[in-house]
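Let me begin by presenting the structure, written as structure tokens, before commenting on it.
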Amino acid sequence: MHLTRLPLSRRQTLGLLGGSAAALLPLPAWAESAAVRRLTAAPGAVQLVGRRYPATEVWAYDGQVPGPILRLPQGDRLEVDLVNRLPEDTTIHWHGLRLPNAMDGVPGITQPPVAPAERFHYAFDLKDAGTFWYHPHANSSEQVGRGLAGVLIVEEPEPPQVDREELWVLDDWRLGEDAQVLPFGGNLHDAAHAGRIGNTVTLNGAIPASWPVRSGERVRLRLVNVANARTFGLRFEGHAPQIVATDGQPCTPHAPADGVVTLGAGGRCDLILDMGGDPGARFRLLDEHYARFAYELLEIAYTEAAPLRTNPLDASVALPANPLPQPELAAAGGLEVVLAGGAMGGLAAATLAGERLSLRELARRGKVWALNGQVHAGHDDPPLFRLDRGRSYRLRIANDSSFEHPMHLHGHHLKLLGRDGRPAAPETWHDTLMVAPGETVETALVAEAPGRWMFHCHVLEHQLAGMMATIEIA
Ligand SMILES: [Cu+2]
């Protein structure tokens with residue numbers, strides 16, 4: 001299931017893709033201001049798995065996998081024109097951003113879908129500094145799975161002192177022997193299990209091999225998991241990474257639990273690493289999340305250059321705080337959501353579009369997951385919760401299933417208070433919070449912005465199979 005070395009074979013076309021699709025869509029001439037960044041979503045081809053294989057046909061922003069890095073200072077206004085040259089509707093969801101509901105990119109709920117050859121103008125102020133990302137919220141399993149994902153970095157006015165910053169966009173692909181993306185859709189086995197786990201892991205759009213570092217340097221590493229389903233569990237052998245932000249939001253710097261940095265689908269993490277190895281030293285960076293399938297993601301390779309310094313920097317690694325509203329727990333309302341369904345779970349029946357159906361009947365309709373007994377059918381569903389704007393809530397999330405779920409709340413961040421009765425130390429903020437099988441997590445939030453906000457699993461095949469709902473704030 002990992003990093004399969006793909007034997008070279010005759011190239012097969014996927015039929016759906018190729019230059020012809022783009023050629024069908026003549027684009028109108030739009031007026032553009034220089035301050036507006038245009039992002040074009042279109043079919044393309046990238047050399048994903050090395051020169052011994054054919055280029056992989058993808059869907060990409062501006063022809064790049066991952067998409068262009070958008071980098072702006074905190075407090076600036078982001079303005080992006082999305083141009084759709086795909087053969088189907090799309091949108092952009094700005095993952096982790098606190099923004100007006102109309103800019104959230106959910107077709108049919110916050111905006112009309114952007115049809116082929118059409119465009120949509122996104123504009124909002126960047127309240128928080130941090131590591132965020134953008135991706136479609138239409139046919140997400142396939143569109144993200146074919147390569148539509150990019151990173152948005154919002155810079156702190158006073159970042160911590162480091163020698164170097166790196167961005168690692170981790171992705172996971174299910175490729176055939178011809179290095180082409182295998183078809184999407186109709187795979188109920190994926191939906192009922194861990195989602196579309198692939199066979200090829202990429203880092204910044206290529207198979208990782210070696211990471212050159214210099215002895216004594218301090219590196220800030222921004223990690224982004226844009227995979228459809230795969231969780232990463234990274235162990236930096238011989239090193240002691242400090243987590244300084246989760247999902248873009250600063251936290252008290254701390255070592256990861258058991259030395260492993262866990263990153264669920266959609267999640268981000270900012271690390272500070274002091275590279276304490278000797279010149280010429282080699283260390284392994286392992287991905288241990290799936291215990292039986294642990295593998296070496298890459299080699300940490302020290303150059304022969306003399307150490308940059310003999311002792312680590314004294315400077316604090318803490319990031320400046322973001323202006324997030326703090327939940328008031330004493331006056332908070334109480335909410336609970338139960339995640340249920342999938343294979344080897346206890347879900348017997350659930351409600352789909354007002355109809356109570358057995359799990360077998362649901363599966364016949366491609367649905368196998370429910371939130372509080374409700375299977376997501378479409379935007380006519382009643383909201384999971386109706387919240388009062390400005391009020392604080394405690395949200396307990398109980399995972400009554402045999403699979404882990406990175407639960408994503410749009411436009412807001414959940415403060416993690418504890419897991420299974422153990423207080424979180426330190427407390428961290430999450431827009432995509434991993435909940436392990438059988439686990440119950442306690443969180444709190446402020447219902448800050450009015451609108452209908454999506455709350456869903458970021459295993460995109462779970463989302464597709466019903467694991468989604470809206471939370472309405474008014
Ligand atoms: Cu899930």
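Please note that chains go A, B, ... in the order of the structure tokens, that every chain numbers its residues from 1, and that ligands are numbered from 1 in the order shown.
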Need to verify the contact set: Ser140 (chain A), 10 Å, only C-alpha atoms, exclusion of same-chain residues closer than 6 positions in sequence. Can you return it as a ChimeraX atom specification?
/A:90-91,146,148,228,458,460-461,463-464
How would the residues just chosen look if you wrote them out with N, CA and C atoms as a CSV table (one decimal), in the first residue's frame?
chain,number,residue,atom,x,y,z
A,90,THR,N,-16.7,23.6,-10.4
A,90,THR,CA,-15.7,23.6,-9.3
A,90,THR,C,-15.9,24.9,-8.4
A,91,THR,N,-15.2,25.0,-7.3
A,91,THR,CA,-15.1,26.1,-6.5
A,91,THR,C,-13.7,26.1,-5.8
A,146,ARG,N,-7.2,14.4,-8.0
A,146,ARG,CA,-6.5,14.6,-9.3
A,146,ARG,C,-5.4,15.7,-9.2
A,148,LEU,N,-5.9,19.0,-7.4
A,148,LEU,CA,-6.2,20.4,-7.2
A,148,LEU,C,-6.1,20.8,-5.7
A,228,ASN,N,-6.3,12.7,0.0
A,228,ASN,CA,-7.7,12.4,0.2
A,228,ASN,C,-8.0,11.8,1.5
A,458,HIS,N,-12.7,14.9,6.7
A,458,HIS,CA,-11.8,15.3,5.6
A,458,HIS,C,-11.2,14.1,4.9
A,460,LEU,N,-12.1,12.3,2.2
A,460,LEU,CA,-13.0,12.8,1.2
A,460,LEU,C,-14.1,11.8,0.8
A,461,GLU,N,-13.7,10.5,0.9
A,461,GLU,CA,-14.6,9.4,0.6
A,461,GLU,C,-15.6,9.2,1.7
A,463,GLN,N,-16.7,11.8,3.5
A,463,GLN,CA,-17.6,13.0,3.2
A,463,GLN,C,-18.6,12.6,2.2
A,464,LEU,N,-18.1,12.1,1.0
A,464,LEU,CA,-19.0,11.7,-0.1
A,464,LEU,C,-20.0,10.7,0.3
| said: List as a ChimeraX atom specification the protein and nucleic acid residues lying within 8 Å of ligand 1, with only C-alpha atoms and all ligand atoms counted. | reply: /A:194-195,403-407,456-463,467
Now that the selection is made, can you save its residues with C-alpha atoms as a PDB file, in the first residue's frame?
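Written out: again.pdb:
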ATOM      1  CA  ALA A 194     -10.246   4.253   5.542  1.00  0.00           C
ATOM      2  CA  GLY A 195     -11.001   6.109   2.290  1.00  0.00           C
ATOM      3  CA  PHE A 403     -11.983   4.258  11.652  1.00  0.00           C
ATOM      4  CA  GLU A 404     -10.275   7.550  12.420  1.00  0.00           C
ATOM      5  CA  HIS A 405     -11.923  10.773  11.235  1.00  0.00           C
ATOM      6  CA  PRO A 406     -10.215  14.162  10.752  1.00  0.00           C
ATOM      7  CA  MET A 407     -13.277  16.350  11.399  1.00  0.00           C
ATOM      8  CA  HIS A 456     -17.433  17.106   7.761  1.00  0.00           C
ATOM      9  CA  CYS A 457     -14.843  14.384   7.756  1.00  0.00           C
ATOM     10  CA  HIS A 458     -11.834  15.287   5.587  1.00  0.00           C
ATOM     11  CA  VAL A 459     -11.407  11.712   4.467  1.00  0.00           C
ATOM     12  CA  LEU A 460     -13.040  12.810   1.236  1.00  0.00           C
ATOM     13  CA  GLU A 461     -14.624   9.417   0.558  1.00  0.00           C
ATOM     14  CA  HIS A 462     -16.266   9.495   4.012  1.00  0.00           C
ATOM     15  CA  GLN A 463     -17.567  12.972   3.234  1.00  0.00           C
ATOM     16  CA  MET A 467     -20.220  12.205   6.713  1.00  0.00           C
TER      17      MET A 467
END
Worksheet item: Which is closest to Gly421 (chain A) among A:Ala257, A:Leu167, A:Val441, A:Ala321, if we use only C-alpha atoms?
Response: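 The closest residue to Gly421 (chain A) is A:Val441.
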- Using only C-alpha atoms, pick whichever of A:Glu328, A:Glu439, A:Asp125, A:Asp400 has the shortest atom-to-atom distance to Glu79 (chain A).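 Of A:Glu328, A:Glu439, A:Asp125, A:Asp400, the one nearest Glu79 (chain A) is A:Asp125, counting only C-alpha atoms.
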Would you pick out the contacts of Ile197 (chain A) at 8 Å or less, using only C-alpha atoms, so that residues sharing its chain but fewer than 3 positions from it are not included, and give the list as an mmCIF file with N, CA and C atoms, in the first residue's frame?
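Saved to around-v1.cif:
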data_model
loop_
_atom_site.group_PDB
_atom_site.id
_atom_site.type_symbol
_atom_site.label_atom_id
_atom_site.label_comp_id
_atom_site.auth_asym_id
_atom_site.auth_seq_id
_atom_site.Cartn_x
_atom_site.Cartn_y
_atom_site.Cartn_z
ATOM 1 N N MET A 1 0.819 -1.208 0.000
ATOM 2 C CA MET A 1 0.000 0.000 0.000
ATOM 3 C C MET A 1 0.852 1.255 0.000
ATOM 4 N N ASP A 172 -0.882 11.898 -1.513
ATOM 5 C CA ASP A 172 -0.958 10.444 -1.657
ATOM 6 C C ASP A 172 -1.820 10.156 -2.872
ATOM 7 N N TRP A 173 -1.302 9.331 -3.779
ATOM 8 C CA TRP A 173 -1.960 9.095 -5.065
ATOM 9 C C TRP A 173 -2.211 7.618 -5.267
ATOM 10 N N ARG A 174 -3.303 7.294 -5.909
ATOM 11 C CA ARG A 174 -3.551 5.909 -6.310
ATOM 12 C C ARG A 174 -3.311 5.834 -7.816
ATOM 13 N N ASP A 190 -13.744 1.642 -0.300
ATOM 14 C CA ASP A 190 -12.989 2.797 0.207
ATOM 15 C C ASP A 190 -13.839 3.593 1.191
ATOM 16 N N ALA A 194 -11.058 3.077 5.206
ATOM 17 C CA ALA A 194 -10.246 4.253 5.542
ATOM 18 C C ALA A 194 -10.193 5.290 4.431
ATOM 19 N N ASN A 228 -6.261 12.696 0.043
ATOM 20 C CA ASN A 228 -7.685 12.422 0.210
ATOM 21 C C ASN A 228 -7.987 11.763 1.545
ATOM 22 N N ALA A 229 -7.117 10.853 1.964
ATOM 23 C CA ALA A 229 -7.470 10.005 3.106
ATOM 24 C C ALA A 229 -6.298 9.665 4.027
ATOM 25 N N ARG A 230 -5.097 9.618 3.494
ATOM 26 C CA ARG A 230 -3.961 9.101 4.263
ATOM 27 C C ARG A 230 -3.594 10.023 5.428
#
Checklist line | For CA of Leu297 (chain A) and CA of Pro66 (chain A), the interatomic separation in Å (one decimal) | finding: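 Answer for the CA of Leu297 (chain A) to CA of Pro66 (chain A) separation: 18.1 Å.
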Counting only C-alpha atoms, figure out which residue out of A:Ala332, A:Ala192, A:Ile153, A:Val446 gets nearest to Leu414 (chain A).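 Using only C-alpha atoms, the shortest distance to Leu414 (chain A) belongs to A:Val446.
Rounded to one decimal, CA of His137 (chain A) and CA of Val154 (chain A) lie 21.3 Å from each other.
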Which parts of region 197-295 of chain A does DSSP call strand (DSSP E or B) when run on the backbone here, written out as an NGL selection string?
:A and (200-203 or 206 or 210-213 or 218-225 or 232-236 or 242-246 or 249-254 or 261-263 or 268-274 or 282-287 or 295)
Per-residue DSSP, region 77-246 of chain A, filtered to helix (DSSP H, G or I), as JSON, numbers by chain
{"A": [101, 102, 103, 140, 141, 142, 143, 144, 145, 188, 189, 190, 191, 192]}
Residues from last step as file, C-alpha atoms, as a PDB file, in the first residue's frame:
ATOM      1  CA  ASN A 101     -19.533  32.748   4.636  1.00  0.00           C
ATOM      2  CA  ALA A 102     -20.021  33.912   1.020  1.00  0.00           C
ATOM      3  CA  MET A 103     -16.270  33.367   0.389  1.00  0.00           C
ATOM      4  CA  SER A 140     -13.934  16.855  -3.801  1.00  0.00           C
ATOM      5  CA  SER A 141     -12.718  13.258  -3.757  1.00  0.00           C
ATOM      6  CA  GLU A 142     -11.962  13.368  -7.474  1.00  0.00           C
ATOM      7  CA  GLN A 143     -10.927  17.028  -7.851  1.00  0.00           C
ATOM      8  CA  VAL A 144      -8.540  17.047  -4.883  1.00  0.00           C
ATOM      9  CA  GLY A 145      -7.484  13.495  -5.738  1.00  0.00           C
ATOM     10  CA  LEU A 188     -17.973   1.621  -1.585  1.00  0.00           C
ATOM     11  CA  HIS A 189     -15.113  -0.368  -0.051  1.00  0.00           C
ATOM     12  CA  ASP A 190     -12.989   2.797   0.207  1.00  0.00           C
ATOM     13  CA  ALA A 191     -15.943   4.743   1.580  1.00  0.00           C
ATOM     14  CA  ALA A 192     -16.742   2.134   4.240  1.00  0.00           C
TER      15      ALA A 192
END
May I have the residues within 12 Å of Arg360 (chain A) as a list in words, using only C-alpha atoms and disregarding those fewer than 5 positions away in the same chain? Leu188, Ala192, Gly341, Gly342, Ala343, Leu347, Ala348, Ala349, Ala350, Arg365, Gly366, Lys367, Val368 and Trp369 of chain A
Take the residues from that selection and put them in a file with C-alpha atoms, as a PDB file, in the first residue's frame.
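Output file again-v3.pdb follows:
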ATOM      1  CA  LEU A 188     -17.973   1.621  -1.585  1.00  0.00           C
ATOM      2  CA  ALA A 192     -16.742   2.134   4.240  1.00  0.00           C
ATOM      3  CA  GLY A 341     -21.060   4.038  10.276  1.00  0.00           C
ATOM      4  CA  GLY A 342     -18.604   2.248   8.045  1.00  0.00           C
ATOM      5  CA  ALA A 343     -17.435  -1.333   8.106  1.00  0.00           C
ATOM      6  CA  LEU A 347     -24.615   1.719  12.842  1.00  0.00           C
ATOM      7  CA  ALA A 348     -27.811  -0.221  12.074  1.00  0.00           C
ATOM      8  CA  ALA A 349     -29.867   2.532  10.447  1.00  0.00           C
ATOM      9  CA  ALA A 350     -29.797   6.284   9.789  1.00  0.00           C
ATOM     10  CA  ARG A 365     -27.287   4.431  -2.310  1.00  0.00           C
ATOM     11  CA  GLY A 366     -23.566   4.863  -1.711  1.00  0.00           C
ATOM     12  CA  LYS A 367     -23.994   6.165   1.848  1.00  0.00           C
ATOM     13  CA  VAL A 368     -22.418   4.556   4.898  1.00  0.00           C
ATOM     14  CA  TRP A 369     -21.709   7.353   7.416  1.00  0.00           C
TER      15      TRP A 369
END
_Long-range neighbours of Val114 (chain A) as a VMD selection string, 9 Å cut-off, only C-alpha atoms, 4 positions minimum in chain_ = chain A and resid 82 to 84 88 to 91 107 118 to 120
_Report, in Å with one decimal, the straight-line distance from CA of Val337 (chain A) to CA of Ile397 (chain A)._
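Here the two named atoms are 5.0 Å from each other.
Shortest atom-to-atom contact with Thr262 (chain A) among A:Glu472, A:Gly280, A:Glu288, A:Phe293: A:Glu288, counting only C-alpha atoms.
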### Query
Within 10 Å of Leu126 (chain A), counting only C-alpha atoms, which residues qualify if same-chain residues fewer than 6 places away don't, as a PyMOL selection string?
chain A and resi 72-78+97-99+154-155
Those residues you just picked out, can you put them in a file as a PDB file, in the first residue's frame with N, CA and C atoms?
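This is the output file part.pdb:
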ATOM      1  N   LEU A  72       0.949  36.003   1.689  1.00  0.00           N
ATOM      2  CA  LEU A  72       0.568  37.390   1.952  1.00  0.00           C
ATOM      3  C   LEU A  72       0.795  37.702   3.425  1.00  0.00           C
ATOM      4  N   PRO A  73       1.001  39.002   3.741  1.00  0.00           N
ATOM      5  CA  PRO A  73       1.127  39.385   5.149  1.00  0.00           C
ATOM      6  C   PRO A  73      -0.229  39.371   5.857  1.00  0.00           C
ATOM      7  N   GLN A  74      -0.198  39.052   7.147  1.00  0.00           N
ATOM      8  CA  GLN A  74      -1.408  39.105   7.971  1.00  0.00           C
ATOM      9  C   GLN A  74      -2.015  40.505   7.883  1.00  0.00           C
ATOM     10  N   GLY A  75      -3.334  40.568   7.764  1.00  0.00           N
ATOM     11  CA  GLY A  75      -4.023  41.854   7.668  1.00  0.00           C
ATOM     12  C   GLY A  75      -4.272  42.283   6.240  1.00  0.00           C
ATOM     13  N   ASP A  76      -3.577  41.679   5.278  1.00  0.00           N
ATOM     14  CA  ASP A  76      -3.816  42.009   3.872  1.00  0.00           C
ATOM     15  C   ASP A  76      -5.133  41.411   3.406  1.00  0.00           C
ATOM     16  N   ARG A  77      -5.538  41.833   2.226  1.00  0.00           N
ATOM     17  CA  ARG A  77      -6.744  41.300   1.613  1.00  0.00           C
ATOM     18  C   ARG A  77      -6.332  40.353   0.495  1.00  0.00           C
ATOM     19  N   LEU A  78      -6.871  39.152   0.540  1.00  0.00           N
ATOM     20  CA  LEU A  78      -6.631  38.193  -0.539  1.00  0.00           C
ATOM     21  C   LEU A  78      -7.675  38.422  -1.620  1.00  0.00           C
ATOM     22  N   LEU A  97      -9.415  29.244   6.989  1.00  0.00           N
ATOM     23  CA  LEU A  97      -9.493  30.702   7.058  1.00  0.00           C
ATOM     24  C   LEU A  97     -10.779  31.127   7.759  1.00  0.00           C
ATOM     25  N   ARG A  98     -10.661  32.157   8.590  1.00  0.00           N
ATOM     26  CA  ARG A  98     -11.851  32.809   9.154  1.00  0.00           C
ATOM     27  C   ARG A  98     -12.249  33.891   8.161  1.00  0.00           C
ATOM     28  N   LEU A  99     -13.352  33.664   7.464  1.00  0.00           N
ATOM     29  CA  LEU A  99     -13.747  34.560   6.376  1.00  0.00           C
ATOM     30  C   LEU A  99     -15.265  34.655   6.320  1.00  0.00           C
ATOM     31  N   VAL A 154       0.043  32.817   5.397  1.00  0.00           N
ATOM     32  CA  VAL A 154      -0.161  34.176   5.881  1.00  0.00           C
ATOM     33  C   VAL A 154       0.939  34.465   6.887  1.00  0.00           C
ATOM     34  N   GLU A 155       1.736  35.473   6.586  1.00  0.00           N
ATOM     35  CA  GLU A 155       2.952  35.723   7.368  1.00  0.00           C
ATOM     36  C   GLU A 155       2.672  36.522   8.627  1.00  0.00           C
TER      37      GLU A 155
END
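The smallest atom-to-atom distance between His193 (chain A) and any of A:Leu286, A:Met454, A:Val260, A:Ala465, using only C-alpha atoms, is found for A:Ala465.
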- Task: Pick out the residues sitting within 12 Å of Ala291 (chain A), and hand them over as JSON, numbers by chain; count only C-alpha atoms, and ignore anything fewer than 6 positions along from it in its own chain.
- Result: {"A": [231, 232, 233, 234]}
Output C-alpha atoms of each residue in that selection to a file, as a PDB file, in the first residue's frame.
ATOM      1  CA  THR A 231      -2.772  10.107   7.738  1.00  0.00           C
ATOM      2  CA  PHE A 232       0.946  10.727   8.173  1.00  0.00           C
ATOM      3  CA  GLY A 233       2.813   9.931  11.403  1.00  0.00           C
ATOM      4  CA  LEU A 234       6.289  11.408  11.038  1.00  0.00           C
TER       5      LEU A 234
END
Of A:Gly147, A:Gly466, A:Lys415, A:Asn322, the one sitting nearest Ala353 (chain A) when using only C-alpha atoms is A:Gly466
